[in-house]
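Have a look at data-v2.tsv below; it lists TSV, N, CA and C atoms.
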chain	number	residue	atom	x	y	z
A	1	MET	N	-8.79	-5.90	-15.36
A	1	MET	CA	-8.93	-5.34	-14.03
A	1	MET	C	-8.95	-3.83	-14.12
A	2	ASN	N	-7.79	-3.22	-14.23
A	2	ASN	CA	-7.63	-1.78	-14.36
A	2	ASN	C	-8.36	-0.98	-13.30
A	3	THR	N	-8.43	-1.49	-12.07
A	3	THR	CA	-8.97	-0.70	-10.98
A	3	THR	C	-7.89	0.28	-10.53
A	4	LYS	N	-8.30	1.28	-9.78
A	4	LYS	CA	-7.32	2.25	-9.29
A	4	LYS	C	-6.24	1.56	-8.46
A	5	LEU	N	-6.65	0.59	-7.63
A	5	LEU	CA	-5.69	-0.13	-6.81
A	5	LEU	C	-4.70	-0.91	-7.68
A	6	SER	N	-5.19	-1.61	-8.69
A	6	SER	CA	-4.31	-2.38	-9.58
A	6	SER	C	-3.37	-1.47	-10.35
A	7	LEU	N	-3.89	-0.34	-10.80
A	7	LEU	CA	-3.05	0.63	-11.53
A	7	LEU	C	-1.97	1.20	-10.63
A	8	ASN	N	-2.32	1.54	-9.40
A	8	ASN	CA	-1.33	2.08	-8.46
A	8	ASN	C	-0.29	1.04	-8.09
A	9	PHE	N	-0.72	-0.20	-7.91
A	9	PHE	CA	0.22	-1.27	-7.60
A	9	PHE	C	1.20	-1.45	-8.76
A	10	GLY	N	0.68	-1.48	-9.97
A	10	GLY	CA	1.54	-1.63	-11.14
A	10	GLY	C	2.53	-0.49	-11.28
A	11	LYS	N	2.08	0.72	-10.98
A	11	LYS	CA	2.96	1.89	-11.04
A	11	LYS	C	4.14	1.72	-10.09
A	12	ILE	N	3.87	1.22	-8.89
A	12	ILE	CA	4.93	1.01	-7.91
A	12	ILE	C	5.92	-0.05	-8.39
A	13	ILE	N	5.40	-1.13	-8.92
A	13	ILE	CA	6.29	-2.19	-9.42
A	13	ILE	C	7.17	-1.65	-10.55
A	14	ARG	N	6.57	-0.90	-11.47
A	14	ARG	CA	7.33	-0.32	-12.58
A	14	ARG	C	8.41	0.62	-12.06
A	15	GLU	N	8.07	1.48	-11.10
A	15	GLU	CA	9.04	2.42	-10.55
A	15	GLU	C	10.19	1.70	-9.86
A	16	LEU	N	9.87	0.69	-9.05
A	16	LEU	CA	10.92	-0.08	-8.39
A	16	LEU	C	11.81	-0.80	-9.40
A	17	ARG	N	11.19	-1.36	-10.43
A	17	ARG	CA	11.96	-2.07	-11.47
A	17	ARG	C	12.90	-1.11	-12.18
A	18	LYS	N	12.40	0.07	-12.51
A	18	LYS	CA	13.24	1.05	-13.22
A	18	LYS	C	14.35	1.58	-12.32
A	19	GLU	N	14.07	1.73	-11.02
A	19	GLU	CA	15.11	2.13	-10.07
A	19	GLU	C	16.25	1.12	-10.05
A	20	LYS	N	15.90	-0.16	-10.22
A	20	LYS	CA	16.90	-1.23	-10.23
A	20	LYS	C	17.54	-1.38	-11.62
A	21	ASP	N	17.01	-0.62	-12.59
A	21	ASP	CA	17.50	-0.65	-13.97
A	21	ASP	C	17.46	-2.06	-14.56
A	22	ILE	N	16.30	-2.71	-14.40
A	22	ILE	CA	16.13	-4.03	-14.99
A	22	ILE	C	14.89	-4.04	-15.89
A	23	SER	N	14.90	-4.89	-16.87
A	23	SER	CA	13.78	-5.01	-17.81
A	23	SER	C	12.67	-5.86	-17.21
A	24	GLN	N	11.52	-5.81	-17.85
A	24	GLN	CA	10.42	-6.70	-17.44
A	24	GLN	C	10.86	-8.15	-17.58
A	25	GLU	N	11.59	-8.43	-18.63
A	25	GLU	CA	12.08	-9.80	-18.84
A	25	GLU	C	13.00	-10.24	-17.70
A	26	GLU	N	13.90	-9.36	-17.29
A	26	GLU	CA	14.82	-9.70	-16.20
A	26	GLU	C	14.06	-9.87	-14.89
A	27	LEU	N	13.09	-9.00	-14.63
A	27	LEU	CA	12.29	-9.15	-13.41
A	27	LEU	C	11.51	-10.45	-13.45
A	28	GLY	N	10.97	-10.79	-14.59
A	28	GLY	CA	10.28	-12.06	-14.73
A	28	GLY	C	11.19	-13.23	-14.42
A	29	PHE	N	12.41	-13.19	-14.94
A	29	PHE	CA	13.38	-14.24	-14.69
A	29	PHE	C	13.69	-14.34	-13.20
A	30	ARG	N	13.96	-13.19	-12.59
A	30	ARG	CA	14.31	-13.17	-11.16
A	30	ARG	C	13.14	-13.61	-10.28
A	31	SER	N	11.92	-13.37	-10.76
A	31	SER	CA	10.72	-13.68	-9.98
A	31	SER	C	10.12	-15.03	-10.32
A	32	ASN	N	10.66	-15.69	-11.34
A	32	ASN	CA	10.12	-16.94	-11.85
A	32	ASN	C	8.68	-16.75	-12.34
A	33	LEU	N	8.47	-15.63	-13.04
A	33	LEU	CA	7.18	-15.30	-13.65
A	33	LEU	C	7.45	-14.88	-15.09
A	34	HIS	N	6.47	-15.02	-15.95
A	34	HIS	CA	6.65	-14.66	-17.36
A	34	HIS	C	6.68	-13.14	-17.52
A	35	ARG	N	7.51	-12.66	-18.45
A	35	ARG	CA	7.64	-11.22	-18.66
A	35	ARG	C	6.33	-10.57	-19.06
A	36	THR	N	5.48	-11.28	-19.80
A	36	THR	CA	4.19	-10.69	-20.18
A	36	THR	C	3.30	-10.51	-18.95
A	37	TYR	N	3.43	-11.40	-17.99
A	37	TYR	CA	2.68	-11.27	-16.74
A	37	TYR	C	3.15	-10.02	-15.98
A	38	ILE	N	4.46	-9.79	-15.96
A	38	ILE	CA	5.01	-8.59	-15.31
A	38	ILE	C	4.42	-7.35	-15.98
A	39	GLY	N	4.37	-7.32	-17.31
A	39	GLY	CA	3.80	-6.19	-18.03
A	39	GLY	C	2.33	-5.99	-17.69
A	40	MET	N	1.60	-7.07	-17.59
A	40	MET	CA	0.18	-6.98	-17.25
A	40	MET	C	-0.02	-6.44	-15.84
A	41	ILE	N	0.86	-6.82	-14.92
A	41	ILE	CA	0.81	-6.30	-13.56
A	41	ILE	C	1.09	-4.79	-13.59
A	42	GLU	N	2.13	-4.40	-14.29
A	42	GLU	CA	2.50	-2.99	-14.35
A	42	GLU	C	1.41	-2.13	-14.98
A	43	ARG	N	0.62	-2.70	-15.87
A	43	ARG	CA	-0.47	-1.95	-16.51
A	43	ARG	C	-1.78	-2.07	-15.74
A	44	GLY	N	-1.77	-2.81	-14.63
A	44	GLY	CA	-2.97	-2.96	-13.82
A	44	GLY	C	-4.00	-3.88	-14.43
A	45	GLU	N	-3.57	-4.80	-15.28
A	45	GLU	CA	-4.50	-5.68	-15.99
A	45	GLU	C	-4.74	-7.01	-15.28
A	46	LYS	N	-4.00	-7.30	-14.24
A	46	LYS	CA	-4.13	-8.57	-13.53
A	46	LYS	C	-4.36	-8.33	-12.05
A	47	ASN	N	-5.14	-9.19	-11.44
A	47	ASN	CA	-5.33	-9.18	-10.00
A	47	ASN	C	-4.29	-10.14	-9.43
A	48	ILE	N	-3.25	-9.61	-8.84
A	48	ILE	CA	-2.10	-10.40	-8.43
A	48	ILE	C	-2.33	-11.07	-7.08
A	49	THR	N	-1.78	-12.26	-6.91
A	49	THR	CA	-1.89	-12.99	-5.65
A	49	THR	C	-0.76	-12.57	-4.70
A	50	LEU	N	-0.95	-12.84	-3.43
A	50	LEU	CA	0.11	-12.57	-2.46
A	50	LEU	C	1.37	-13.36	-2.78
A	51	GLU	N	1.20	-14.58	-3.25
A	51	GLU	CA	2.36	-15.40	-3.60
A	51	GLU	C	3.19	-14.73	-4.70
A	52	ASN	N	2.51	-14.16	-5.69
A	52	ASN	CA	3.24	-13.51	-6.78
A	52	ASN	C	3.79	-12.15	-6.36
A	53	ILE	N	3.12	-11.46	-5.44
A	53	ILE	CA	3.70	-10.23	-4.89
A	53	ILE	C	5.00	-10.57	-4.19
A	54	ASP	N	5.00	-11.66	-3.44
A	54	ASP	CA	6.22	-12.10	-2.76
A	54	ASP	C	7.33	-12.42	-3.76
A	55	LYS	N	6.99	-13.11	-4.83
A	55	LYS	CA	7.99	-13.44	-5.87
A	55	LYS	C	8.57	-12.18	-6.49
A	56	ILE	N	7.70	-11.22	-6.80
A	56	ILE	CA	8.16	-9.98	-7.42
A	56	ILE	C	9.01	-9.18	-6.44
A	57	ALA	N	8.59	-9.12	-5.18
A	57	ALA	CA	9.38	-8.41	-4.17
A	57	ALA	C	10.78	-9.01	-4.09
A	58	LYS	N	10.86	-10.32	-4.06
A	58	LYS	CA	12.17	-10.98	-4.01
A	58	LYS	C	12.96	-10.70	-5.29
A	59	GLY	N	12.27	-10.70	-6.43
A	59	GLY	CA	12.94	-10.39	-7.69
A	59	GLY	C	13.48	-8.97	-7.73
A	60	LEU	N	12.80	-8.07	-7.03
A	60	LEU	CA	13.24	-6.67	-6.95
A	60	LEU	C	14.20	-6.44	-5.78
A	61	ASP	N	14.39	-7.46	-4.96
A	61	ASP	CA	15.23	-7.37	-3.77
A	61	ASP	C	14.73	-6.28	-2.81
A	62	VAL	N	13.40	-6.27	-2.61
A	62	VAL	CA	12.77	-5.39	-1.62
A	62	VAL	C	11.79	-6.23	-0.81
A	63	SER	N	11.39	-5.71	0.32
A	63	SER	CA	10.41	-6.43	1.13
A	63	SER	C	9.00	-6.11	0.63
A	64	MET	N	8.10	-7.01	0.92
A	64	MET	CA	6.69	-6.75	0.62
A	64	MET	C	6.22	-5.52	1.40
A	65	LYS	N	6.77	-5.33	2.58
A	65	LYS	CA	6.41	-4.18	3.40
A	65	LYS	C	6.67	-2.88	2.65
A	66	ILE	N	7.81	-2.77	1.99
A	66	ILE	CA	8.15	-1.57	1.21
A	66	ILE	C	7.11	-1.34	0.12
A	67	ILE	N	6.74	-2.40	-0.58
A	67	ILE	CA	5.75	-2.27	-1.65
A	67	ILE	C	4.43	-1.78	-1.08
A	68	PHE	N	3.99	-2.38	0.01
A	68	PHE	CA	2.70	-1.98	0.58
A	68	PHE	C	2.74	-0.59	1.21
A	69	GLU	N	3.89	-0.19	1.76
A	69	GLU	CA	4.00	1.18	2.29
A	69	GLU	C	3.89	2.19	1.16
A	70	LYS	N	4.55	1.91	0.04
A	70	LYS	CA	4.46	2.80	-1.12
A	70	LYS	C	3.02	2.84	-1.65
A	71	LEU	N	2.39	1.69	-1.68
A	71	LEU	CA	1.01	1.61	-2.15
A	71	LEU	C	0.08	2.41	-1.24
A	72	ASN	N	0.30	2.31	0.04
A	72	ASN	CA	-0.53	3.03	1.01
A	72	ASN	C	-0.40	4.54	0.83
A	73	LYS	N	0.80	5.00	0.49
A	73	LYS	CA	1.02	6.44	0.29
A	73	LYS	C	0.27	7.00	-0.90
A	74	ILE	N	0.19	6.23	-1.98
A	74	ILE	CA	-0.44	6.78	-3.19
A	74	ILE	C	-1.90	6.35	-3.35
A	75	HIS	N	-2.32	5.33	-2.62
A	75	HIS	CA	-3.68	4.82	-2.79
A	75	HIS	C	-4.50	5.11	-1.52
A	76	GLN	N	-4.99	6.32	-1.45
A	76	GLN	CA	-5.80	6.68	-0.27
A	76	GLN	C	-7.12	7.25	-0.67
Structure rendered as structure tokens:
Amino acid sequence: MNTKLSLNFGKIIRELRKEKDISQEELGFRSNLHRTYIGMIERGEKNITLENIDKIAKGLDVSMKIIFEKLNKIHQ
């Protein structure tokens, strides 16, 4: 993928994960997704579904709204 949108989305997920001080593996566990998938999302290599955005948001203990607001700020 590696589109600007995918890269910006991944950057936000990485920043939120690091703010929570958790590893990709821990986020994967909390989100019920594989850690390599989390890495691919953070690098903008995957086109993520809304269902998986919801899982990651829950794993990060943030709302999808927060993720999309952050995305809107940097992706204009």
Record the distance separating atom N of Ala57 of chain A and atom C of Ser31 of chain A, expressed in Å with one decimal.
8.0 Å
Taking the chain letters and numbering used in this document, name the residues of chain A that DSSP puts in alpha helix (DSSP H), as a short mmCIF file (atom, residue, chain, number, x, y, z; two decimals) with N, CA and C atoms, in the coordinates of the input.
data_model
loop_
_atom_site.label_atom_id
_atom_site.label_comp_id
_atom_site.auth_asym_id
_atom_site.auth_seq_id
_atom_site.Cartn_x
_atom_site.Cartn_y
_atom_site.Cartn_z
N LYS A 4 -8.30 1.28 -9.78
CA LYS A 4 -7.32 2.25 -9.29
C LYS A 4 -6.24 1.56 -8.46
N LEU A 5 -6.65 0.59 -7.63
CA LEU A 5 -5.69 -0.13 -6.81
C LEU A 5 -4.70 -0.91 -7.68
N SER A 6 -5.19 -1.61 -8.69
CA SER A 6 -4.31 -2.38 -9.58
C SER A 6 -3.37 -1.47 -10.35
N LEU A 7 -3.89 -0.34 -10.80
CA LEU A 7 -3.05 0.63 -11.53
C LEU A 7 -1.97 1.20 -10.63
N ASN A 8 -2.32 1.54 -9.40
CA ASN A 8 -1.33 2.08 -8.46
C ASN A 8 -0.29 1.04 -8.09
N PHE A 9 -0.72 -0.20 -7.91
CA PHE A 9 0.22 -1.27 -7.60
C PHE A 9 1.20 -1.45 -8.76
N GLY A 10 0.68 -1.48 -9.97
CA GLY A 10 1.54 -1.63 -11.14
C GLY A 10 2.53 -0.49 -11.28
N LYS A 11 2.08 0.72 -10.98
CA LYS A 11 2.96 1.89 -11.04
C LYS A 11 4.14 1.72 -10.09
N ILE A 12 3.87 1.22 -8.89
CA ILE A 12 4.93 1.01 -7.91
C ILE A 12 5.92 -0.05 -8.39
N ILE A 13 5.40 -1.13 -8.92
CA ILE A 13 6.29 -2.19 -9.42
C ILE A 13 7.17 -1.65 -10.55
N ARG A 14 6.57 -0.90 -11.47
CA ARG A 14 7.33 -0.32 -12.58
C ARG A 14 8.41 0.62 -12.06
N GLU A 15 8.07 1.48 -11.10
CA GLU A 15 9.04 2.42 -10.55
C GLU A 15 10.19 1.70 -9.86
N LEU A 16 9.87 0.69 -9.05
CA LEU A 16 10.92 -0.08 -8.39
C LEU A 16 11.81 -0.80 -9.40
N ARG A 17 11.19 -1.36 -10.43
CA ARG A 17 11.96 -2.07 -11.47
C ARG A 17 12.90 -1.11 -12.18
N LYS A 18 12.40 0.07 -12.51
CA LYS A 18 13.24 1.05 -13.22
C LYS A 18 14.35 1.58 -12.32
N GLU A 19 14.07 1.73 -11.02
CA GLU A 19 15.11 2.13 -10.07
C GLU A 19 16.25 1.12 -10.05
N GLN A 24 11.52 -5.81 -17.85
CA GLN A 24 10.42 -6.70 -17.44
C GLN A 24 10.86 -8.15 -17.58
N GLU A 25 11.59 -8.43 -18.63
CA GLU A 25 12.08 -9.80 -18.84
C GLU A 25 13.00 -10.24 -17.70
N GLU A 26 13.90 -9.36 -17.29
CA GLU A 26 14.82 -9.70 -16.20
C GLU A 26 14.06 -9.87 -14.89
N LEU A 27 13.09 -9.00 -14.63
CA LEU A 27 12.29 -9.15 -13.41
C LEU A 27 11.51 -10.45 -13.45
N GLY A 28 10.97 -10.79 -14.59
CA GLY A 28 10.28 -12.06 -14.73
C GLY A 28 11.19 -13.23 -14.42
N PHE A 29 12.41 -13.19 -14.94
CA PHE A 29 13.38 -14.24 -14.69
C PHE A 29 13.69 -14.34 -13.20
N ARG A 30 13.96 -13.19 -12.59
CA ARG A 30 14.31 -13.17 -11.16
C ARG A 30 13.14 -13.61 -10.28
N SER A 31 11.92 -13.37 -10.76
CA SER A 31 10.72 -13.68 -9.98
C SER A 31 10.12 -15.03 -10.32
N ARG A 35 7.51 -12.66 -18.45
CA ARG A 35 7.64 -11.22 -18.66
C ARG A 35 6.33 -10.57 -19.06
N THR A 36 5.48 -11.28 -19.80
CA THR A 36 4.19 -10.69 -20.18
C THR A 36 3.30 -10.51 -18.95
N TYR A 37 3.43 -11.40 -17.99
CA TYR A 37 2.68 -11.27 -16.74
C TYR A 37 3.15 -10.02 -15.98
N ILE A 38 4.46 -9.79 -15.96
CA ILE A 38 5.01 -8.59 -15.31
C ILE A 38 4.42 -7.35 -15.98
N GLY A 39 4.37 -7.32 -17.31
CA GLY A 39 3.80 -6.19 -18.03
C GLY A 39 2.33 -5.99 -17.69
N MET A 40 1.60 -7.07 -17.59
CA MET A 40 0.18 -6.98 -17.25
C MET A 40 -0.02 -6.44 -15.84
N ILE A 41 0.86 -6.82 -14.92
CA ILE A 41 0.81 -6.30 -13.56
C ILE A 41 1.09 -4.79 -13.59
N GLU A 42 2.13 -4.40 -14.29
CA GLU A 42 2.50 -2.99 -14.35
C GLU A 42 1.41 -2.13 -14.98
N LEU A 50 -0.95 -12.84 -3.43
CA LEU A 50 0.11 -12.57 -2.46
C LEU A 50 1.37 -13.36 -2.78
N GLU A 51 1.20 -14.58 -3.25
CA GLU A 51 2.36 -15.40 -3.60
C GLU A 51 3.19 -14.73 -4.70
N ASN A 52 2.51 -14.16 -5.69
CA ASN A 52 3.24 -13.51 -6.78
C ASN A 52 3.79 -12.15 -6.36
N ILE A 53 3.12 -11.46 -5.44
CA ILE A 53 3.70 -10.23 -4.89
C ILE A 53 5.00 -10.57 -4.19
N ASP A 54 5.00 -11.66 -3.44
CA ASP A 54 6.22 -12.10 -2.76
C ASP A 54 7.33 -12.42 -3.76
N LYS A 55 6.99 -13.11 -4.83
CA LYS A 55 7.99 -13.44 -5.87
C LYS A 55 8.57 -12.18 -6.49
N ILE A 56 7.70 -11.22 -6.80
CA ILE A 56 8.16 -9.98 -7.42
C ILE A 56 9.01 -9.18 -6.44
N ALA A 57 8.59 -9.12 -5.18
CA ALA A 57 9.38 -8.41 -4.17
C ALA A 57 10.78 -9.01 -4.09
N LYS A 58 10.86 -10.32 -4.06
CA LYS A 58 12.17 -10.98 -4.01
C LYS A 58 12.96 -10.70 -5.29
N GLY A 59 12.27 -10.70 -6.43
CA GLY A 59 12.94 -10.39 -7.69
C GLY A 59 13.48 -8.97 -7.73
N LEU A 60 12.80 -8.07 -7.03
CA LEU A 60 13.24 -6.67 -6.95
C LEU A 60 14.20 -6.44 -5.78
N MET A 64 8.10 -7.01 0.92
CA MET A 64 6.69 -6.75 0.62
C MET A 64 6.22 -5.52 1.40
N LYS A 65 6.77 -5.33 2.58
CA LYS A 65 6.41 -4.18 3.40
C LYS A 65 6.67 -2.88 2.65
N ILE A 66 7.81 -2.77 1.99
CA ILE A 66 8.15 -1.57 1.21
C ILE A 66 7.11 -1.34 0.12
N ILE A 67 6.74 -2.40 -0.58
CA ILE A 67 5.75 -2.27 -1.65
C ILE A 67 4.43 -1.78 -1.08
N PHE A 68 3.99 -2.38 0.01
CA PHE A 68 2.70 -1.98 0.58
C PHE A 68 2.74 -0.59 1.21
N GLU A 69 3.89 -0.19 1.76
CA GLU A 69 4.00 1.18 2.29
C GLU A 69 3.89 2.19 1.16
N LYS A 70 4.55 1.91 0.04
CA LYS A 70 4.46 2.80 -1.12
C LYS A 70 3.02 2.84 -1.65
N LEU A 71 2.39 1.69 -1.68
CA LEU A 71 1.01 1.61 -2.15
C LEU A 71 0.08 2.41 -1.24
N ASN A 72 0.30 2.31 0.04
CA ASN A 72 -0.53 3.03 1.01
C ASN A 72 -0.40 4.54 0.83
N LYS A 73 0.80 5.00 0.49
CA LYS A 73 1.02 6.44 0.29
C LYS A 73 0.27 7.00 -0.90
N ILE A 74 0.19 6.23 -1.98
CA ILE A 74 -0.44 6.78 -3.19
C ILE A 74 -1.90 6.35 -3.35
#
Straight-line distance linking atom C of Lys65 of chain A with atom N of His34 of chain A, stated in Å to one decimal
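We find that atom C of Lys65 of chain A and atom N of His34 of chain A lie 22.2 Å from each other.
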Please identify all polymer residues within 8 Å of segment 25-29 of chain A, counting only C-alpha atoms, omitting same-chain residues fewer than 6 positions from it, and present them as a PyMOL selection string.
chain A and resi 17+35+37-38+56+59-60
What lies within 8 Å of Arg43 of chain A using all atoms listed in the file, ignoring chain neighbours under 5 positions off, as a PyMOL selection string?
chain A and resi 1-3+6-11+14+37-38
Provide the atom C of Lys4 of chain A to atom N of Gly39 of chain A distance in Å, to one decimal place.
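We find that atom C of Lys4 of chain A and atom N of Gly39 of chain A lie 16.4 Å from each other.
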Could you tell me which of A:Gln76, A:Leu5, A:Ser23, A:Ile13 comes closest to Met64 of chain A if we count only C-alpha atoms?
A:Ile13
How big is the axis-aligned box around all listed atoms of segment 50-61 of chain A once 4 Å goes on each side, and where's its centre, in Å to one decimal, as JSON?
{"center_x": 7.1, "center_y": -10.8, "center_z": -5.1, "size_x": 24.2, "size_y": 17.1, "size_z": 13.3}
